[in-house]
file work-v3.cif (mmCIF, C-alpha atoms)
data_model
#
loop_
_atom_site.label_atom_id
_atom_site.label_comp_id
_atom_site.auth_asym_id
_atom_site.auth_seq_id
_atom_site.Cartn_x
_atom_site.Cartn_y
_atom_site.Cartn_z
CA MET A 1 16.95 13.90 -16.71
CA ALA A 2 13.90 14.02 -19.00
CA GLY A 3 12.29 11.10 -17.15
CA PHE A 4 12.87 12.87 -13.85
CA LEU A 5 11.25 16.06 -15.09
CA ILE A 6 8.27 14.19 -16.49
CA GLY A 7 7.99 12.39 -13.18
CA SER A 8 8.06 15.70 -11.37
CA VAL A 9 5.08 16.94 -13.39
CA GLY A 10 3.21 13.73 -12.64
CA LEU A 11 3.98 13.98 -8.95
CA SER A 12 2.98 17.63 -8.83
CA THR A 13 -0.33 16.79 -10.48
CA LEU A 14 -0.85 13.88 -8.11
CA VAL A 15 -0.44 15.90 -4.92
CA ALA A 16 -2.58 18.76 -6.25
CA THR A 17 -5.76 16.69 -6.52
CA GLU A 18 -8.01 14.95 -4.03
CA THR A 19 -9.47 12.55 -6.59
CA PRO A 20 -8.03 9.07 -7.24
CA VAL A 21 -5.21 9.10 -9.76
CA VAL A 22 -3.89 6.06 -11.64
CA LEU A 23 -0.39 6.33 -13.04
CA VAL A 24 0.78 3.92 -15.73
CA ARG A 25 4.45 3.52 -16.53
CA VAL A 26 5.10 3.91 -20.26
CA SER A 27 8.26 2.58 -21.85
CA ASP A 28 9.81 3.74 -25.10
CA ALA A 29 11.76 0.49 -25.36
CA PRO A 30 9.92 -1.87 -27.73
CA GLU A 31 12.00 -4.86 -26.58
CA GLU A 32 10.58 -4.75 -23.05
CA ALA A 33 8.12 -7.59 -22.61
CA GLU A 34 4.94 -6.96 -20.68
CA PRO A 35 5.13 -8.80 -17.33
CA ALA A 36 2.72 -11.70 -16.88
CA ARG A 37 -0.33 -10.62 -14.90
CA VAL A 38 -2.22 -12.85 -12.50
CA GLY A 39 -5.58 -11.12 -12.11
CA GLU A 40 -4.72 -9.54 -8.78
CA ILE A 41 -4.89 -6.09 -7.24
CA VAL A 42 -2.36 -5.34 -4.50
CA LEU A 43 -3.38 -2.91 -1.78
CA GLY A 44 -0.99 -1.32 0.68
CA VAL A 45 -2.65 -0.17 3.91
CA ASP A 46 -1.57 1.40 7.15
CA ILE A 47 -3.59 -0.06 10.02
CA HIS A 48 -2.94 3.07 12.05
CA GLU A 49 -4.79 5.39 9.66
CA ALA A 50 -8.42 5.76 8.64
CA ALA A 51 -8.30 4.16 5.21
CA ASP A 52 -11.94 3.75 4.19
CA LYS A 53 -11.49 5.62 0.89
CA VAL A 54 -8.46 3.52 -0.01
CA LEU A 55 -10.16 0.27 1.01
CA ALA A 56 -13.35 1.20 -0.85
CA PHE A 57 -11.44 1.94 -4.04
CA ALA A 58 -9.45 -1.32 -3.91
CA PHE A 59 -12.40 -3.57 -3.03
CA GLU A 60 -14.69 -1.95 -5.62
CA GLU A 61 -12.01 -2.15 -8.32
CA ALA A 62 -11.26 -5.81 -7.55
CA ASP A 63 -14.99 -6.55 -7.62
CA ARG A 64 -15.42 -4.65 -10.90
CA ARG A 65 -12.50 -6.56 -12.48
CA ASN A 66 -13.55 -9.86 -10.91
CA CYS A 67 -10.03 -10.44 -9.61
CA ALA A 68 -8.34 -11.25 -6.31
CA LEU A 69 -7.28 -8.63 -3.80
CA ARG A 70 -4.03 -8.97 -1.86
CA VAL A 71 -3.68 -6.61 1.11
CA ILE A 72 -0.22 -5.81 2.47
CA HIS A 73 0.80 -4.01 5.66
CA GLY A 74 4.40 -3.47 6.72
CA TRP A 75 5.31 -2.81 10.34
CA LYS A 76 8.33 -2.31 12.52
CA MET A 77 9.04 -2.80 16.18
CA PRO A 78 8.42 0.24 18.38
CA SER A 79 11.60 2.25 18.78
CA ILE A 80 11.76 1.55 22.53
CA TYR A 81 12.83 -2.00 21.70
CA GLN A 82 15.96 -0.72 19.95
CA TYR A 83 17.25 0.40 23.32
CA ALA A 84 16.13 -2.58 25.39
CA PRO A 85 19.22 -4.30 26.83
CA PHE A 86 17.48 -7.68 27.00
CA PHE A 87 15.40 -7.98 23.85
CA ASP A 88 13.09 -10.99 23.92
CA PRO A 89 12.27 -12.37 20.42
CA GLU A 90 8.85 -13.34 21.76
CA ASN A 91 8.05 -9.60 21.88
CA GLU A 92 8.48 -9.42 18.11
CA ARG A 93 6.19 -12.41 17.55
CA GLU A 94 3.57 -10.92 19.89
CA VAL A 95 3.64 -7.57 18.06
CA GLY A 96 3.33 -9.46 14.75
CA ARG A 97 0.27 -11.34 16.01
CA SER A 98 -1.28 -8.10 17.26
CA VAL A 99 -0.69 -6.36 13.93
CA THR A 100 -2.26 -9.29 12.07
CA VAL A 101 -5.36 -9.10 14.29
CA MET A 102 -5.62 -5.35 13.66
CA LEU A 103 -5.37 -5.94 9.90
CA ASP A 104 -8.07 -8.65 10.13
CA ASP A 105 -10.31 -6.23 12.02
CA MET A 106 -9.75 -3.50 9.43
CA LEU A 107 -10.69 -5.83 6.57
CA MET A 108 -13.65 -7.60 8.22
CA PRO A 109 -16.41 -5.12 7.24
CA TRP A 110 -15.12 -5.02 3.67
CA ARG A 111 -15.05 -8.81 3.41
CA HIS A 112 -18.69 -8.85 4.55
CA LYS A 113 -19.59 -6.19 1.99
CA PHE A 114 -17.81 -8.14 -0.81
CA PRO A 115 -18.31 -11.80 0.20
CA SER A 116 -17.52 -13.26 -3.23
CA LEU A 117 -14.20 -11.44 -3.50
CA SER A 118 -11.04 -13.47 -2.91
CA VAL A 119 -9.06 -11.48 -0.33
CA THR A 120 -5.71 -12.42 1.17
CA HIS A 121 -3.61 -10.36 3.51
CA GLU A 122 -0.06 -10.20 4.82
CA ALA A 123 1.37 -8.29 7.74
CA PHE A 124 5.15 -8.42 7.73
CA MET A 125 7.97 -6.73 9.53
CA GLY A 126 9.86 -4.53 7.10
CA ALA A 127 9.58 -1.64 4.69
CA ALA A 128 6.12 -1.52 3.13
CA GLY A 129 7.37 0.20 -0.02
CA ASP A 130 9.82 -2.61 -0.78
CA GLN A 131 7.17 -5.30 -0.29
CA LEU A 132 4.64 -3.46 -2.44
CA VAL A 133 7.15 -3.00 -5.25
CA GLN A 134 7.91 -6.74 -5.17
CA ALA A 135 4.20 -7.61 -5.12
CA ALA A 136 3.61 -5.26 -8.06
CA ALA A 137 5.83 -7.32 -10.33
CA ARG A 138 2.86 -9.43 -11.42
CA ALA A 139 -0.11 -7.39 -10.18
CA ASP A 140 -2.63 -5.78 -12.47
CA LEU A 141 -2.85 -2.71 -10.23
CA VAL A 142 -1.30 -1.47 -6.98
CA VAL A 143 -3.41 0.74 -4.73
CA VAL A 144 -1.87 3.03 -2.12
CA GLY A 145 -3.17 5.89 -0.04
CA ARG A 146 -1.93 9.43 0.21
CA ARG A 147 -2.84 11.40 3.29
CA LEU A 148 -4.12 14.90 2.58
CA ARG A 149 -1.70 17.29 4.24
CA ARG A 150 -2.08 21.01 4.43
CA SER A 151 1.38 22.46 4.82
CA PRO A 152 2.95 25.86 4.20
CA LEU A 153 5.71 23.98 2.39
CA GLY A 154 3.28 22.53 -0.13
CA ALA A 155 1.74 19.13 -0.74
CA HIS A 156 3.55 16.01 0.31
CA LEU A 157 3.61 12.42 -0.86
CA GLY A 158 4.44 9.75 1.73
CA SER A 159 7.51 7.57 1.44
CA VAL A 160 5.58 4.36 0.67
CA ALA A 161 3.54 5.91 -2.15
CA HIS A 162 6.67 7.61 -3.47
CA ALA A 163 8.62 4.32 -3.56
CA VAL A 164 5.79 2.46 -5.26
CA LEU A 165 5.28 5.17 -7.86
CA HIS A 166 8.94 5.21 -8.80
CA HIS A 167 9.64 1.48 -8.77
CA ALA A 168 6.46 -0.57 -9.33
CA ALA A 169 6.06 -2.30 -12.67
CA ALA A 170 2.24 -2.28 -12.46
CA PRO A 171 -0.05 0.72 -12.77
CA VAL A 172 -0.44 2.51 -9.41
CA ALA A 173 -3.65 4.04 -8.08
CA VAL A 174 -3.09 6.73 -5.47
CA ILE A 175 -6.10 7.53 -3.33
CA ALA A 176 -6.14 10.75 -1.30
CA HIS A 177 -7.67 10.45 2.15
CA ASP A 178 -7.85 12.35 5.46
#
call {"tool": "encode", "arguments": {"input": "work-v3.cif", "output": "structure tokens"}}
result
Amino acid sequence: MAGFLIGSVGLSTLVATETPVVLVRVSDAPEEAEPARVGEIVLGVDIHEAADKVLAFAFEEADRRNCALRVIHGWKMPSIYQYAPFFDPENEREVGRSVTVMLDDMLMPWRHKFPSLSVTHEAFMGAAGDQLVQAAARADLVVVGRRLRRSPLGAHLGSVAHAVLHHAAAPVAVIAHD
């Protein structure tokens, strides 16, 4: 329960600010070994959102640390395909190719701005949070975005950022954006 309450304070602080926040998991257990790091920053992006602030932070941080940048985007088939009586697997491959092209297009200006930076990217079908948590196992830093939401119910943290914050082994940078 104490960890949950501390987490609640951290989350409340996170959603109350518009500046980048880096959260680092601290363990009281001395027997836990530090995971091996590989000199890589992992960035989770949504190709359907304006993500310049998130991309800028990740590229600048990777450049500053002189490390590789791995960009991950998770996608799913449009819901109309769930109801299609004759689903063609080629549709899934075509959507996957289209998503990969969109991710390439999103990254192109940043690759030109940081030509010496080693950048890889993956677009996969599945839950982005799960993939980012797995990628974080050996990453030096995970970068995710948090859309600024004005709501009468209070600030909100998206499901991907929430999953990564609660389960990633690496430090997590959360970048607020419009």
call {"tool": "residues_near_point", "arguments": {"input": "work-v3.cif", "point": "(7.7, -1.4, 6.5)", "cutoff": "9 Å", "atoms": "only C-alpha atoms", "output": "list of chain:residue names"}}
result
A:His73, A:Gly74, A:Trp75, A:Lys76, A:Phe124, A:Met125, A:Gly126, A:Ala127, A:Ala128, A:Gly129, A:Asp130, A:Gln131, A:Val160
call {"tool": "resolve_selection", "arguments": {"input": "work-v3.cif", "expression": "the PyMOL selection byres ((chain A and resi 62) around 10)", "output": "PDB file with C-alpha atoms, keeping the file's coordinate frame"}}
result
ATOM      1  CA  GLY A  39      -5.580 -11.120 -12.110  1.00  0.00           C
ATOM      2  CA  GLU A  40      -4.720  -9.540  -8.780  1.00  0.00           C
ATOM      3  CA  ILE A  41      -4.890  -6.090  -7.240  1.00  0.00           C
ATOM      4  CA  VAL A  42      -2.360  -5.340  -4.500  1.00  0.00           C
ATOM      5  CA  ALA A  56     -13.350   1.200  -0.850  1.00  0.00           C
ATOM      6  CA  PHE A  57     -11.440   1.940  -4.040  1.00  0.00           C
ATOM      7  CA  ALA A  58      -9.450  -1.320  -3.910  1.00  0.00           C
ATOM      8  CA  PHE A  59     -12.400  -3.570  -3.030  1.00  0.00           C
ATOM      9  CA  GLU A  60     -14.690  -1.950  -5.620  1.00  0.00           C
ATOM     10  CA  GLU A  61     -12.010  -2.150  -8.320  1.00  0.00           C
ATOM     11  CA  ASP A  63     -14.990  -6.550  -7.620  1.00  0.00           C
ATOM     12  CA  ARG A  64     -15.420  -4.650 -10.900  1.00  0.00           C
ATOM     13  CA  ARG A  65     -12.500  -6.560 -12.480  1.00  0.00           C
ATOM     14  CA  ASN A  66     -13.550  -9.860 -10.910  1.00  0.00           C
ATOM     15  CA  CYS A  67     -10.030 -10.440  -9.610  1.00  0.00           C
ATOM     16  CA  ALA A  68      -8.340 -11.250  -6.310  1.00  0.00           C
ATOM     17  CA  LEU A  69      -7.280  -8.630  -3.800  1.00  0.00           C
ATOM     18  CA  ARG A  70      -4.030  -8.970  -1.860  1.00  0.00           C
ATOM     19  CA  PHE A 114     -17.810  -8.140  -0.810  1.00  0.00           C
ATOM     20  CA  LEU A 117     -14.200 -11.440  -3.500  1.00  0.00           C
ATOM     21  CA  SER A 118     -11.040 -13.470  -2.910  1.00  0.00           C
ATOM     22  CA  VAL A 119      -9.060 -11.480  -0.330  1.00  0.00           C
ATOM     23  CA  ASP A 140      -2.630  -5.780 -12.470  1.00  0.00           C
ATOM     24  CA  LEU A 141      -2.850  -2.710 -10.230  1.00  0.00           C
TER      25      LEU A 141
END
call {"tool": "resolve_selection", "arguments": {"input": "work-v3.cif", "expression": "the PyMOL selection byres ((chain A and resi 143) around 10)", "output": "PyMOL selection string"}}
result
chain A and resi 20-22+41-45+54-55+57-58+61+71+132+136+141-142+144-145+161+164+171-175
call {"tool": "write_last_selection", "arguments": {"input": "work-v3.cif", "atoms": "C-alpha atoms", "output": "PDB file, keeping the file's coordinate frame"}}
result
ATOM      1  CA  PRO A  20      -8.030   9.070  -7.240  1.00  0.00           C
ATOM      2  CA  VAL A  21      -5.210   9.100  -9.760  1.00  0.00           C
ATOM      3  CA  VAL A  22      -3.890   6.060 -11.640  1.00  0.00           C
ATOM      4  CA  ILE A  41      -4.890  -6.090  -7.240  1.00  0.00           C
ATOM      5  CA  VAL A  42      -2.360  -5.340  -4.500  1.00  0.00           C
ATOM      6  CA  LEU A  43      -3.380  -2.910  -1.780  1.00  0.00           C
ATOM      7  CA  GLY A  44      -0.990  -1.320   0.680  1.00  0.00           C
ATOM      8  CA  VAL A  45      -2.650  -0.170   3.910  1.00  0.00           C
ATOM      9  CA  VAL A  54      -8.460   3.520  -0.010  1.00  0.00           C
ATOM     10  CA  LEU A  55     -10.160   0.270   1.010  1.00  0.00           C
ATOM     11  CA  PHE A  57     -11.440   1.940  -4.040  1.00  0.00           C
ATOM     12  CA  ALA A  58      -9.450  -1.320  -3.910  1.00  0.00           C
ATOM     13  CA  GLU A  61     -12.010  -2.150  -8.320  1.00  0.00           C
ATOM     14  CA  VAL A  71      -3.680  -6.610   1.110  1.00  0.00           C
ATOM     15  CA  LEU A 132       4.640  -3.460  -2.440  1.00  0.00           C
ATOM     16  CA  ALA A 136       3.610  -5.260  -8.060  1.00  0.00           C
ATOM     17  CA  LEU A 141      -2.850  -2.710 -10.230  1.00  0.00           C
ATOM     18  CA  VAL A 142      -1.300  -1.470  -6.980  1.00  0.00           C
ATOM     19  CA  VAL A 144      -1.870   3.030  -2.120  1.00  0.00           C
ATOM     20  CA  GLY A 145      -3.170   5.890  -0.040  1.00  0.00           C
ATOM     21  CA  ALA A 161       3.540   5.910  -2.150  1.00  0.00           C
ATOM     22  CA  VAL A 164       5.790   2.460  -5.260  1.00  0.00           C
ATOM     23  CA  PRO A 171      -0.050   0.720 -12.770  1.00  0.00           C
ATOM     24  CA  VAL A 172      -0.440   2.510  -9.410  1.00  0.00           C
ATOM     25  CA  ALA A 173      -3.650   4.040  -8.080  1.00  0.00           C
ATOM     26  CA  VAL A 174      -3.090   6.730  -5.470  1.00  0.00           C
ATOM     27  CA  ILE A 175      -6.100   7.530  -3.330  1.00  0.00           C
TER      28      ILE A 175
END
call {"tool": "residues_around", "arguments": {"input": "work-v3.cif", "residues": "A:Val99", "least_positions_apart": "4", "cutoff": "7 Å", "atoms": "all atoms listed in the file", "output": "list in words"}}
result
Val95, Leu103 and Ala123 of chain A
call {"tool": "atom_distance", "arguments": {"input": "work-v3.cif", "atom1": "atom CA of A:Ala168", "atom2": "atom CA of A:Ala137"}}
result
6.9 Å
call {"tool": "decode", "arguments": {"input": "work-v3.cif", "residues": "stretch 17-138 of chain A", "atoms": "C-alpha atoms", "output": "PDB file, in the first residue's frame"}}
result
ATOM      1  CA  THR A  17       3.125  19.970 -14.792  1.00  0.00           C
ATOM      2  CA  GLU A  18       3.745  20.753 -18.438  1.00  0.00           C
ATOM      3  CA  THR A  19       7.518  20.366 -18.176  1.00  0.00           C
ATOM      4  CA  PRO A  20       9.333  17.095 -18.909  1.00  0.00           C
ATOM      5  CA  VAL A  21       9.496  14.798 -15.901  1.00  0.00           C
ATOM      6  CA  VAL A  22      11.868  11.847 -15.497  1.00  0.00           C
ATOM      7  CA  LEU A  23      10.848   9.201 -12.993  1.00  0.00           C
ATOM      8  CA  VAL A  24      13.416   6.733 -11.690  1.00  0.00           C
ATOM      9  CA  ARG A  25      12.351   3.556  -9.930  1.00  0.00           C
ATOM     10  CA  VAL A  26      14.121   3.171  -6.585  1.00  0.00           C
ATOM     11  CA  SER A  27      14.364  -0.178  -4.871  1.00  0.00           C
ATOM     12  CA  ASP A  28      14.924  -0.797  -1.182  1.00  0.00           C
ATOM     13  CA  ALA A  29      16.100  -4.336  -1.919  1.00  0.00           C
ATOM     14  CA  PRO A  30      19.923  -4.386  -1.926  1.00  0.00           C
ATOM     15  CA  GLU A  31      19.997  -7.820  -3.581  1.00  0.00           C
ATOM     16  CA  GLU A  32      18.431  -6.531  -6.808  1.00  0.00           C
ATOM     17  CA  ALA A  33      21.096  -6.305  -9.480  1.00  0.00           C
ATOM     18  CA  GLU A  34      21.071  -3.349 -11.825  1.00  0.00           C
ATOM     19  CA  PRO A  35      20.011  -4.528 -15.307  1.00  0.00           C
ATOM     20  CA  ALA A  36      22.682  -4.376 -18.007  1.00  0.00           C
ATOM     21  CA  ARG A  37      22.292  -1.247 -20.111  1.00  0.00           C
ATOM     22  CA  VAL A  38      23.085  -1.042 -23.810  1.00  0.00           C
ATOM     23  CA  GLY A  39      23.440   2.685 -24.456  1.00  0.00           C
ATOM     24  CA  GLU A  40      19.985   3.065 -25.943  1.00  0.00           C
ATOM     25  CA  ILE A  41      17.011   5.343 -25.462  1.00  0.00           C
ATOM     26  CA  VAL A  42      13.605   3.885 -26.302  1.00  0.00           C
ATOM     27  CA  LEU A  43      10.931   6.249 -27.574  1.00  0.00           C
ATOM     28  CA  GLY A  44       7.261   5.400 -27.822  1.00  0.00           C
ATOM     29  CA  VAL A  45       5.364   7.506 -30.368  1.00  0.00           C
ATOM     30  CA  ASP A  46       1.859   7.701 -31.711  1.00  0.00           C
ATOM     31  CA  ILE A  47       1.957   8.492 -35.427  1.00  0.00           C
ATOM     32  CA  HIS A  48      -1.541   9.949 -35.192  1.00  0.00           C
ATOM     33  CA  GLU A  49      -0.550  12.766 -32.815  1.00  0.00           C
ATOM     34  CA  ALA A  50       1.647  15.825 -33.150  1.00  0.00           C
ATOM     35  CA  ALA A  51       4.699  14.664 -31.239  1.00  0.00           C
ATOM     36  CA  ASP A  52       7.370  17.267 -31.965  1.00  0.00           C
ATOM     37  CA  LYS A  53       8.066  17.956 -28.271  1.00  0.00           C
ATOM     38  CA  VAL A  54       8.416  14.247 -27.541  1.00  0.00           C
ATOM     39  CA  LEU A  55      10.596  13.636 -30.602  1.00  0.00           C
ATOM     40  CA  ALA A  56      12.757  16.678 -29.836  1.00  0.00           C
ATOM     41  CA  PHE A  57      13.355  15.526 -26.265  1.00  0.00           C
ATOM     42  CA  ALA A  58      14.275  11.964 -27.303  1.00  0.00           C
ATOM     43  CA  PHE A  59      16.551  12.954 -30.200  1.00  0.00           C
ATOM     44  CA  GLU A  60      18.303  15.683 -28.187  1.00  0.00           C
ATOM     45  CA  GLU A  61      18.786  13.359 -25.206  1.00  0.00           C
ATOM     46  CA  ALA A  62      20.167  10.547 -27.385  1.00  0.00           C
ATOM     47  CA  ASP A  63      22.496  13.046 -29.060  1.00  0.00           C
ATOM     48  CA  ARG A  64      23.592  14.453 -25.686  1.00  0.00           C
ATOM     49  CA  ARG A  65      24.301  10.937 -24.363  1.00  0.00           C
ATOM     50  CA  ASN A  66      25.844   9.795 -27.646  1.00  0.00           C
ATOM     51  CA  CYS A  67      23.660   6.693 -27.672  1.00  0.00           C
ATOM     52  CA  ALA A  68      21.268   4.955 -30.051  1.00  0.00           C
ATOM     53  CA  LEU A  69      17.585   5.788 -30.306  1.00  0.00           C
ATOM     54  CA  ARG A  70      14.991   3.064 -30.822  1.00  0.00           C
ATOM     55  CA  VAL A  71      11.532   4.314 -31.811  1.00  0.00           C
ATOM     56  CA  ILE A  72       8.496   2.103 -31.211  1.00  0.00           C
ATOM     57  CA  HIS A  73       4.913   2.486 -32.426  1.00  0.00           C
ATOM     58  CA  GLY A  74       2.155  -0.004 -31.675  1.00  0.00           C
ATOM     59  CA  TRP A  75      -0.946  -0.217 -33.842  1.00  0.00           C
ATOM     60  CA  LYS A  76      -4.099  -2.241 -34.202  1.00  0.00           C
ATOM     61  CA  MET A  77      -6.430  -2.999 -37.053  1.00  0.00           C
ATOM     62  CA  PRO A  78      -9.347  -0.588 -37.457  1.00  0.00           C
ATOM     63  CA  SER A  79     -12.382  -1.871 -35.597  1.00  0.00           C
ATOM     64  CA  ILE A  80     -14.367  -2.310 -38.820  1.00  0.00           C
ATOM     65  CA  TYR A  81     -12.211  -5.352 -39.584  1.00  0.00           C
ATOM     66  CA  GLN A  82     -13.441  -7.094 -36.430  1.00  0.00           C
ATOM     67  CA  TYR A  83     -16.860  -7.337 -38.031  1.00  0.00           C
ATOM     68  CA  ALA A  84     -15.783  -8.213 -41.567  1.00  0.00           C
ATOM     69  CA  PRO A  85     -17.154 -11.668 -42.446  1.00  0.00           C
ATOM     70  CA  PHE A  86     -14.347 -12.349 -44.924  1.00  0.00           C
ATOM     71  CA  PHE A  87     -11.180 -10.979 -43.361  1.00  0.00           C
ATOM     72  CA  ASP A  88      -8.258 -10.978 -45.785  1.00  0.00           C
ATOM     73  CA  PRO A  89      -4.829 -11.274 -44.046  1.00  0.00           C
ATOM     74  CA  GLU A  90      -3.392  -9.120 -46.825  1.00  0.00           C
ATOM     75  CA  ASN A  91      -5.351  -6.205 -45.317  1.00  0.00           C
ATOM     76  CA  GLU A  92      -3.329  -6.544 -42.117  1.00  0.00           C
ATOM     77  CA  ARG A  93      -0.035  -6.571 -44.023  1.00  0.00           C
ATOM     78  CA  GLU A  94      -1.113  -3.522 -46.053  1.00  0.00           C
ATOM     79  CA  VAL A  95      -2.036  -1.584 -42.901  1.00  0.00           C
ATOM     80  CA  GLY A  96       1.318  -2.585 -41.382  1.00  0.00           C
ATOM     81  CA  ARG A  97       3.192  -1.273 -44.430  1.00  0.00           C
ATOM     82  CA  SER A  98       1.197   1.961 -44.327  1.00  0.00           C
ATOM     83  CA  VAL A  99       1.930   2.462 -40.625  1.00  0.00           C
ATOM     84  CA  THR A 100       5.640   1.867 -41.223  1.00  0.00           C
ATOM     85  CA  VAL A 101       5.667   4.494 -43.989  1.00  0.00           C
ATOM     86  CA  MET A 102       3.904   6.974 -41.698  1.00  0.00           C
ATOM     87  CA  LEU A 103       6.480   6.306 -38.961  1.00  0.00           C
ATOM     88  CA  ASP A 104       9.315   6.800 -41.491  1.00  0.00           C
ATOM     89  CA  ASP A 105       7.761  10.103 -42.558  1.00  0.00           C
ATOM     90  CA  MET A 106       7.442  11.250 -38.943  1.00  0.00           C
ATOM     91  CA  LEU A 107      11.107  10.496 -38.231  1.00  0.00           C
ATOM     92  CA  MET A 108      12.611  11.801 -41.494  1.00  0.00           C
ATOM     93  CA  PRO A 109      13.069  15.477 -40.468  1.00  0.00           C
ATOM     94  CA  TRP A 110      14.599  14.410 -37.160  1.00  0.00           C
ATOM     95  CA  ARG A 111      17.030  12.032 -38.854  1.00  0.00           C
ATOM     96  CA  HIS A 112      18.137  14.922 -41.082  1.00  0.00           C
ATOM     97  CA  LYS A 113      18.551  17.186 -38.060  1.00  0.00           C
ATOM     98  CA  PHE A 114      20.608  14.513 -36.213  1.00  0.00           C
ATOM     99  CA  PRO A 115      22.453  12.699 -39.036  1.00  0.00           C
ATOM    100  CA  SER A 116      25.088  11.085 -36.819  1.00  0.00           C
ATOM    101  CA  LEU A 117      22.514   9.559 -34.476  1.00  0.00           C
ATOM    102  CA  SER A 118      21.831   5.835 -34.821  1.00  0.00           C
ATOM    103  CA  VAL A 119      18.034   5.557 -35.107  1.00  0.00           C
ATOM    104  CA  THR A 120      16.030   2.371 -35.538  1.00  0.00           C
ATOM    105  CA  HIS A 121      12.285   2.031 -35.563  1.00  0.00           C
ATOM    106  CA  GLU A 122       9.620  -0.639 -35.219  1.00  0.00           C
ATOM    107  CA  ALA A 123       5.939  -0.516 -36.022  1.00  0.00           C
ATOM    108  CA  PHE A 124       4.165  -3.596 -34.707  1.00  0.00           C
ATOM    109  CA  MET A 125       0.624  -4.743 -34.232  1.00  0.00           C
ATOM    110  CA  GLY A 126      -0.125  -4.959 -30.530  1.00  0.00           C
ATOM    111  CA  ALA A 127      -0.241  -3.041 -27.279  1.00  0.00           C
ATOM    112  CA  ALA A 128       2.355  -0.276 -27.262  1.00  0.00           C
ATOM    113  CA  GLY A 129       2.652  -0.311 -23.468  1.00  0.00           C
ATOM    114  CA  ASP A 130       3.640  -3.984 -23.412  1.00  0.00           C
ATOM    115  CA  GLN A 131       6.270  -3.511 -26.118  1.00  0.00           C
ATOM    116  CA  LEU A 132       7.735  -0.451 -24.430  1.00  0.00           C
ATOM    117  CA  VAL A 133       7.971  -2.237 -21.082  1.00  0.00           C
ATOM    118  CA  GLN A 134       9.824  -5.122 -22.762  1.00  0.00           C
ATOM    119  CA  ALA A 135      12.143  -2.717 -24.595  1.00  0.00           C
ATOM    120  CA  ALA A 136      12.831  -0.893 -21.317  1.00  0.00           C
ATOM    121  CA  ALA A 137      14.410  -3.978 -19.777  1.00  0.00           C
ATOM    122  CA  ARG A 138      17.833  -2.942 -21.074  1.00  0.00           C
TER     123      ARG A 138
END
